Amino acid sequence: MKNNINSGLLTKNRISGISEKDHVQQQHYLEAIKSFARLTYESVYVIDYEKMTFEYVSENPLFLCGHSSEEVLNMGYEFYFKNVPEKDLELLNLINEAGFDFFEKLSLNERKLYTITYDFHLVNQDKKHILVNHRLTPLFLTSSGKMWKSICIVSISHHKNAGNIRIHKQGTDETWELNIENNVWCRSEKPKLTKRETEILHLYAQGLTINQIAEKIFVSSDTVKYYRRRIFERLGVSNIVEALSYAVNNKII
């Protein structure tokens, strides 16, 4: 089973024949990636689909499962085969196939506008399963429009189970969710919060309590609780931590 999974992960978007014009676009870009990685608590890595390996791995320990960033960089895709449960490897293979099928149907001038997000488990050095979220977007395309390099941000997932595979288009509310049962992308719109709900979520992000929020916006504590329930319903979450994570990851706040 793993051999088939490995084959699917490694061959779906394998590319060759990178032109001199393609190479020019990437000069010195890793310095910008490294600077960004220093500013975020999340893990950052870059995938090279020509060499089918990682080109950069940040030092954030969330993604490393007890390894150093250099060790993960050297392992490349083998890192997944060693640190992802087999069931989730099958899921990653499905995501890889469906994601690139979706990408290849897009017009060339829009391909960089799309981001895919999904959840799966990593097994850390203590053999505990940690549910993480990957957000991946094109970094460089070849002159023919193939995805040459992509950047991925890794954070703790706010969901309870693996999957939750969605594609977002930058600058729009357009979202596609993958139905795993029939391997079909279903279009929907990103949830929207009212101005008041967004304000309350911002105040929660600042660490304020219910009573402090109520005092700040001149309403009762029960009113804040009412808005909080509305936020949970709109975002499909069950607590404020999940709400904040969802809102940040989906650029709602």
# chains A, B, ... in the order shown; residues from 1 in each chain; ligands from 1

call {"tool": "residues_around", "arguments": {"residues": "Gly163 of chain A", "least_positions_apart": "3", "cutoff": "7 Å", "atoms": "only C-alpha atoms", "output": "list in words"}}
result
Tyr118, Asp119 and Phe120 of chain A

call {"tool": "write_last_selection", "arguments": {"atoms": "N, CA and C atoms", "output": "compact mmCIF listing (two decimals), in the first residue's frame"}}
result
# COMPACT_ATOMS: atom_id res chain seq x y z
N TYR A 118 -5.62 21.78 4.22
CA TYR A 118 -6.07 20.45 4.62
C TYR A 118 -5.41 20.06 5.94
N ASP A 119 -5.99 19.07 6.61
CA ASP A 119 -5.51 18.61 7.91
C ASP A 119 -5.10 17.15 7.86
N PHE A 120 -4.03 16.82 8.56
CA PHE A 120 -3.60 15.42 8.71
C PHE A 120 -2.76 15.30 9.97

call {"tool": "closest_atom_pairs", "arguments": {"of": "segment 152-213 of chain A", "to": "segment 231-241 of chain A", "cutoff": "8 Å", "atoms": "only C-alpha atoms", "output": "JSON lines"}}
result
{"residue": "A:His158", "atom": "CA", "partner": "A:Val241", "partner_atom": "CA", "distance": 7.6}
{"residue": "A:Pro191", "atom": "CA", "partner": "A:Arg234", "partner_atom": "CA", "distance": 6.2}
{"residue": "A:Lys192", "atom": "CA", "partner": "A:Arg234", "partner_atom": "CA", "distance": 7.3}
{"residue": "A:Leu193", "atom": "CA", "partner": "A:Ile231", "partner_atom": "CA", "distance": 7.1}
{"residue": "A:Glu197", "atom": "CA", "partner": "A:Ile231", "partner_atom": "CA", "distance": 6.5}
{"residue": "A:Tyr204", "atom": "CA", "partner": "A:Ile240", "partner_atom": "CA", "distance": 7.9}

call {"tool": "write_last_selection", "arguments": {"atoms": "C-alpha atoms", "output": "CSV table (one decimal), in the first residue's frame"}}
result
chain,number,residue,atom,x,y,z
A,158,HIS,CA,-8.6,23.8,14.8
A,191,PRO,CA,-18.6,32.3,5.9
A,192,LYS,CA,-19.3,36.0,6.6
A,193,LEU,CA,-19.5,37.7,10.0
A,197,GLU,CA,-19.4,39.8,15.3
A,204,TYR,CA,-11.3,38.0,22.0

call {"tool": "residues_around", "arguments": {"residues": "Tyr49 of chain A", "least_positions_apart": "5", "cutoff": "6 Å", "atoms": "only C-alpha atoms", "output": "list in words"}}
result
Arg14, Trp148 and Lys149 of chain A

call {"tool": "write_last_selection", "arguments": {"atoms": "C-alpha atoms", "output": "CSV table (one decimal), in the first residue's frame"}}
result
chain,number,residue,atom,x,y,z
A,14,ARG,CA,6.9,15.9,-11.5
A,148,TRP,CA,7.5,24.5,-10.0
A,149,LYS,CA,7.8,25.5,-6.4

call {"tool": "atom_distance", "arguments": {"atom1": "atom CA of Lys21 of chain A", "atom2": "atom CA of Pro138 of chain A"}}
result
17.5 Å

call {"tool": "select_by_dssp", "arguments": {"residues": "segment 32-205 of chain A", "states": "strand (DSSP E or B)", "output": "PDB file with C-alpha atoms, in the first residue's frame"}}
result
ATOM      1  CA  SER A  43       6.327  26.279  10.387  1.00  0.00           C
ATOM      2  CA  VAL A  44       7.313  27.199   6.841  1.00  0.00           C
ATOM      3  CA  TYR A  45       8.727  25.038   4.089  1.00  0.00           C
ATOM      4  CA  VAL A  46       9.233  25.181   0.334  1.00  0.00           C
ATOM      5  CA  ILE A  47       8.677  22.244  -2.042  1.00  0.00           C
ATOM      6  CA  ASP A  48      10.645  21.909  -5.291  1.00  0.00           C
ATOM      7  CA  THR A  53      12.271  17.518  -2.398  1.00  0.00           C
ATOM      8  CA  PHE A  54      12.168  20.345   0.133  1.00  0.00           C
ATOM      9  CA  GLU A  55      14.202  23.433  -0.710  1.00  0.00           C
ATOM     10  CA  TYR A  56      13.713  25.124   2.652  1.00  0.00           C
ATOM     11  CA  VAL A  57      12.466  24.047   6.090  1.00  0.00           C
ATOM     12  CA  TYR A 114      -5.277  29.734  -5.265  1.00  0.00           C
ATOM     13  CA  THR A 115      -4.441  28.161  -1.910  1.00  0.00           C
ATOM     14  CA  ILE A 116      -5.231  24.647  -0.730  1.00  0.00           C
ATOM     15  CA  THR A 117      -5.701  23.855   2.948  1.00  0.00           C
ATOM     16  CA  TYR A 118      -6.068  20.450   4.621  1.00  0.00           C
ATOM     17  CA  ASP A 119      -5.513  18.614   7.914  1.00  0.00           C
ATOM     18  CA  PHE A 120      -3.601  15.423   8.712  1.00  0.00           C
ATOM     19  CA  HIS A 121      -1.729  13.833  11.601  1.00  0.00           C
ATOM     20  CA  LEU A 122       1.978  13.934  12.317  1.00  0.00           C
ATOM     21  CA  VAL A 123       3.486  11.472  14.804  1.00  0.00           C
ATOM     22  CA  HIS A 129      -0.578  12.039  16.934  1.00  0.00           C
ATOM     23  CA  ILE A 130      -0.771  15.801  16.349  1.00  0.00           C
ATOM     24  CA  LEU A 131      -3.407  17.138  13.953  1.00  0.00           C
ATOM     25  CA  VAL A 132      -1.823  19.862  11.829  1.00  0.00           C
ATOM     26  CA  ASN A 133      -3.103  22.137   9.101  1.00  0.00           C
ATOM     27  CA  HIS A 134      -1.246  22.717   5.833  1.00  0.00           C
ATOM     28  CA  ARG A 135      -1.854  25.826   3.714  1.00  0.00           C
ATOM     29  CA  LEU A 136      -0.061  25.541   0.402  1.00  0.00           C
ATOM     30  CA  THR A 137       0.118  27.989  -2.496  1.00  0.00           C
ATOM     31  CA  PRO A 138       2.196  28.289  -5.686  1.00  0.00           C
ATOM     32  CA  LEU A 139       5.472  30.159  -5.354  1.00  0.00           C
ATOM     33  CA  PHE A 140       6.926  29.759  -8.862  1.00  0.00           C
ATOM     34  CA  LEU A 141       5.367  28.431 -12.045  1.00  0.00           C
ATOM     35  CA  MET A 147       3.754  24.391 -10.475  1.00  0.00           C
ATOM     36  CA  TRP A 148       7.514  24.455 -10.024  1.00  0.00           C
ATOM     37  CA  LYS A 149       7.791  25.497  -6.371  1.00  0.00           C
ATOM     38  CA  SER A 150       5.237  26.023  -3.626  1.00  0.00           C
ATOM     39  CA  ILE A 151       5.313  27.417  -0.115  1.00  0.00           C
ATOM     40  CA  CYS A 152       3.514  25.696   2.752  1.00  0.00           C
ATOM     41  CA  ILE A 153       2.564  27.040   6.176  1.00  0.00           C
ATOM     42  CA  VAL A 154       2.018  24.475   8.954  1.00  0.00           C
ATOM     43  CA  SER A 155      -0.047  25.215  12.067  1.00  0.00           C
ATOM     44  CA  ILE A 156      -2.087  23.308  14.648  1.00  0.00           C
ATOM     45  CA  GLY A 163      -9.369  15.981   5.986  1.00  0.00           C
ATOM     46  CA  ASN A 164     -11.189  19.338   5.756  1.00  0.00           C
ATOM     47  CA  ILE A 165      -9.774  19.876   2.260  1.00  0.00           C
ATOM     48  CA  ARG A 166     -10.565  23.283   0.796  1.00  0.00           C
ATOM     49  CA  ILE A 167      -9.282  25.536  -1.947  1.00  0.00           C
ATOM     50  CA  HIS A 168      -9.600  29.317  -1.711  1.00  0.00           C
ATOM     51  CA  LYS A 169      -9.162  31.986  -4.362  1.00  0.00           C
ATOM     52  CA  GLU A 174     -14.948  31.570  -3.460  1.00  0.00           C
ATOM     53  CA  THR A 175     -14.204  28.250  -1.759  1.00  0.00           C
ATOM     54  CA  TRP A 176     -14.187  24.671  -3.004  1.00  0.00           C
ATOM     55  CA  GLU A 177     -14.395  21.721  -0.624  1.00  0.00           C
ATOM     56  CA  LEU A 178     -13.368  18.208  -1.639  1.00  0.00           C
ATOM     57  CA  ASN A 179     -15.963  15.507  -1.045  1.00  0.00           C
ATOM     58  CA  VAL A 184     -15.639  15.900  -6.323  1.00  0.00           C
ATOM     59  CA  TRP A 185     -14.926  19.560  -5.580  1.00  0.00           C
ATOM     60  CA  CYS A 186     -18.059  21.356  -4.296  1.00  0.00           C
ATOM     61  CA  ARG A 187     -18.187  25.140  -4.579  1.00  0.00           C
ATOM     62  CA  SER A 188     -19.348  27.325  -1.703  1.00  0.00           C
ATOM     63  CA  GLU A 189     -18.723  30.766  -0.220  1.00  0.00           C
TER      64      GLU A 189
END

call {"tool": "atom_distance", "arguments": {"atom1": "atom CA of Tyr227 of chain A", "atom2": "atom CA of Thr172 of chain A"}}
result
25.0 Å

call {"tool": "select_by_dssp", "arguments": {"residues": "segment 18-217 of chain A", "states": "helix (DSSP H, G or I)", "output": "PyMOL selection string"}}
result
chain A and resi 20-24+29-39+61-63+69-75+78-83+86-104+108-113+195-205+210-217

call {"tool": "closest_residue", "arguments": {"among": "A:Arg38, A:His159, A:Lys87, A:Lys146", "to": "Gly17 of chain A", "atoms": "only C-alpha atoms"}}
result
A:Lys146

call {"tool": "closest_residue", "arguments": {"among": "A:Lys112, A:Leu208, A:Thr198, A:Leu91", "to": "Asn161 of chain A", "atoms": "only C-alpha atoms"}}
result
A:Leu91
